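**Q** Following this line is input_25.txt, made up of compact mmCIF, C-alpha atoms:
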# COMPACT_ATOMS: atom_id res chain seq x y z
CA MET A 144 17.38 -51.00 -48.17
CA LYS A 145 18.26 -49.71 -44.74
CA TYR A 146 19.93 -46.41 -44.28
CA THR A 147 22.68 -46.39 -41.75
CA SER A 148 24.23 -43.27 -40.51
CA ARG A 149 27.87 -43.02 -41.20
CA PRO A 150 30.05 -41.02 -38.90
CA LYS A 151 30.54 -37.61 -40.37
CA PRO A 152 33.93 -36.08 -40.53
CA ALA A 153 34.74 -34.01 -37.48
CA GLN A 154 33.38 -30.52 -37.88
CA SER A 155 34.31 -27.73 -35.59
CA ARG A 156 31.11 -26.62 -33.86
CA PRO A 157 31.07 -23.27 -32.20
CA ASN A 158 30.69 -23.31 -28.47
CA THR A 159 26.99 -22.63 -27.93
CA LYS A 160 27.51 -21.19 -24.42
CA THR A 161 29.90 -18.62 -25.78
CA MET A 162 27.51 -17.77 -28.59
CA THR A 163 24.53 -17.23 -26.27
CA ARG A 164 26.58 -14.97 -24.02
CA ALA A 165 27.75 -12.99 -27.01
CA ILE A 166 24.18 -12.64 -28.27
CA ALA A 167 22.97 -11.53 -24.84
CA ARG A 168 25.83 -9.06 -24.53
CA LYS A 169 25.21 -7.70 -28.01
CA SER A 170 21.50 -7.15 -27.30
CA GLN A 171 22.31 -5.15 -24.16
CA LEU A 172 24.78 -2.72 -25.72
CA GLY A 173 22.47 0.26 -26.01
CA ARG A 174 20.47 -0.36 -22.87
CA THR A 175 20.67 1.31 -19.52
CA ASN A 176 19.37 0.06 -16.23
CA ARG A 177 16.04 1.90 -16.21
CA PRO A 178 12.48 1.17 -17.23
CA ALA A 179 11.47 1.63 -20.84
CA GLY A 180 8.42 3.73 -20.07
CA PRO A 181 8.25 7.44 -19.36
CA SER A 182 10.45 8.63 -16.54
CA ARG A 183 8.66 8.92 -13.24
CA PRO A 184 9.03 12.01 -11.11
CA GLN A 185 11.09 11.53 -7.99
CA ALA A 186 9.25 11.48 -4.70
CA GLY A 187 9.31 15.06 -3.55
CA GLY A 188 8.69 16.89 -0.36
CA PRO A 189 6.02 16.65 2.29
CA GLN A 190 3.30 18.05 0.03
CA ASN A 191 3.54 14.94 -2.14
CA ALA A 192 3.41 12.66 0.88
CA ALA A 193 0.33 14.42 2.23
CA ALA A 194 -1.40 14.35 -1.16
CA ASN A 195 -0.57 10.68 -1.65
CA TYR A 196 -1.75 9.89 1.88
CA GLN A 197 -5.12 11.51 1.15
CA ARG A 198 -5.32 9.84 -2.25
CA TYR A 199 -4.73 6.33 -0.86
CA LEU A 200 -7.19 6.93 1.97
CA ALA A 201 -9.82 7.88 -0.60
CA LEU A 202 -9.02 4.81 -2.71
CA ALA A 203 -9.25 2.58 0.38
CA ARG A 204 -12.58 4.11 1.30
CA ALA A 205 -13.94 3.57 -2.21
CA GLU A 206 -12.80 -0.06 -2.28
CA ALA A 207 -14.31 -0.67 1.15
CA LEU A 208 -17.63 0.68 -0.09
CA THR A 209 -17.56 -1.71 -3.04
CA GLY A 210 -16.86 -4.60 -0.67
CA ASP A 211 -13.30 -5.40 -1.75
CA ARG A 212 -11.62 -5.67 1.64
CA ILE A 213 -8.33 -6.93 0.19
CA MET A 214 -7.79 -3.89 -2.02
CA ALA A 215 -8.99 -1.59 0.74
CA GLU A 216 -6.33 -3.02 3.06
CA ASN A 217 -3.74 -2.68 0.32
CA TYR A 218 -4.55 0.99 -0.13
CA LEU A 219 -4.55 1.53 3.64
CA GLN A 220 -1.05 0.08 3.80
CA HIS A 221 0.04 2.48 1.07
CA ALA A 222 -1.55 5.35 3.02
CA GLU A 223 0.29 4.24 6.15
CA HIS A 224 3.59 4.40 4.26
CA TYR A 225 2.94 8.03 3.35
CA PHE A 226 1.74 8.74 6.88
CA ARG A 227 5.09 7.51 8.20
CA SER A 228 6.86 9.54 5.54
CA MET A 229 5.02 12.66 6.72
CA ALA A 230 6.03 11.87 10.31
CA LYS A 231 9.65 11.57 9.24
CA ASN A 232 9.48 14.89 7.37
CA ASN A 233 7.92 16.60 10.39
CA SER A 234 10.39 15.17 12.90
CA SER A 235 10.96 18.65 14.36
CA ASN A 236 7.22 18.87 15.13
CA SER A 237 5.07 16.27 16.78
CA ALA A 238 4.06 13.30 14.64
CA PRO A 239 1.12 14.06 12.35
CA GLN A 240 -2.22 12.72 13.43
CA PRO A 241 -4.12 10.54 10.97
CA VAL A 242 -7.00 12.25 9.25
CA ILE A 243 -10.28 10.64 10.24
CA ARG A 244 -13.33 12.04 8.55
CA GLN A 245 -16.75 11.37 9.91
CA GLU A 246 -19.41 11.30 7.27
Give the structure from this file in structure tokens form.

**A**
Amino acid sequence: MKYTSRPKPAQSRPNTKTMTRAIARKSQLGRTNRPAGPSRPQAGGPQNAAANYQRYLALARAEALTGDRIMAENYLQHAEHYFRSMAKNNSSNSAPQPVIRQE
């Protein structure tokens, strides 16, 4: 005996688009537009820029010694950002000179 599907009586189906929007909206009620992790300190004054500049130079140097040129270049680009930030902070003075250490 073959089973044939008979048309079912018309049932009102909820609009799935409306439901998904409502679910998404409901899940965002308590959220704010910030990361879930611990709050990061705001970038401060020139002392932070100088410290970060030195830190990224040291990281670049260490990566260069291990032979990872890609990461060394990445860290040098980060150091350059802080170098420019120091120059902006010291706009009344002459631009800071990059620190080059000879070992």

**Q** One decimal, Å: what's the distance from CA of Ala194 in chain A over to CA of Ala222 in chain A, could you say?

**A** 9.9 Å

**Q** To one decimal in Å, tell me the separation between CA of Arg212 in chain A and CA of Gln197 in chain A.

**A**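 Here the two named atoms are 18.4 Å from each other.
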
**Q** Mind pulling up the distance from CA of Asn233 in chain A to CA of Asn217 in chain A?

**A**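 Interatomic distance here is 24.7 Å.
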
**Q** For a cut-off of 10 Å around (-11.7, -0.9, 0.8), file coordinates, pick out all residues using all atoms listed in the file and list them as a short mmCIF file (atom, residue, chain, number, x, y, z; two decimals) with C-alpha atoms, in the frame of the given file.

**A**
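File produced: point-v2.cif:
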data_model
loop_
_atom_site.label_atom_id
_atom_site.label_comp_id
_atom_site.auth_asym_id
_atom_site.auth_seq_id
_atom_site.Cartn_x
_atom_site.Cartn_y
_atom_site.Cartn_z
CA LEU A 200 -7.19 6.93 1.97
CA ALA A 201 -9.82 7.88 -0.60
CA LEU A 202 -9.02 4.81 -2.71
CA ALA A 203 -9.25 2.58 0.38
CA ARG A 204 -12.58 4.11 1.30
CA ALA A 205 -13.94 3.57 -2.21
CA GLU A 206 -12.80 -0.06 -2.28
CA ALA A 207 -14.31 -0.67 1.15
CA LEU A 208 -17.63 0.68 -0.09
CA THR A 209 -17.56 -1.71 -3.04
CA GLY A 210 -16.86 -4.60 -0.67
CA ASP A 211 -13.30 -5.40 -1.75
CA ARG A 212 -11.62 -5.67 1.64
CA ILE A 213 -8.33 -6.93 0.19
CA MET A 214 -7.79 -3.89 -2.02
CA ALA A 215 -8.99 -1.59 0.74
CA GLU A 216 -6.33 -3.02 3.06
CA ASN A 217 -3.74 -2.68 0.32
CA TYR A 218 -4.55 0.99 -0.13
CA LEU A 219 -4.55 1.53 3.64
#

**Q** Residues within 8 Å of (-1.8, 14.1, 4.5), file coordinates, counting only C-alpha atoms: what are they? Give the list as a PDB file with C-alpha atoms, in the coordinates of the input.

**A**
ATOM      1  CA  GLN A 190       3.300  18.050   0.030  1.00  0.00           C
ATOM      2  CA  ALA A 192       3.410  12.660   0.880  1.00  0.00           C
ATOM      3  CA  ALA A 193       0.330  14.420   2.230  1.00  0.00           C
ATOM      4  CA  ALA A 194      -1.400  14.350  -1.160  1.00  0.00           C
ATOM      5  CA  ASN A 195      -0.570  10.680  -1.650  1.00  0.00           C
ATOM      6  CA  TYR A 196      -1.750   9.890   1.880  1.00  0.00           C
ATOM      7  CA  GLN A 197      -5.120  11.510   1.150  1.00  0.00           C
ATOM      8  CA  TYR A 225       2.940   8.030   3.350  1.00  0.00           C
ATOM      9  CA  PHE A 226       1.740   8.740   6.880  1.00  0.00           C
ATOM     10  CA  MET A 229       5.020  12.660   6.720  1.00  0.00           C
ATOM     11  CA  PRO A 241      -4.120  10.540  10.970  1.00  0.00           C
ATOM     12  CA  VAL A 242      -7.000  12.250   9.250  1.00  0.00           C
TER      13      VAL A 242
END
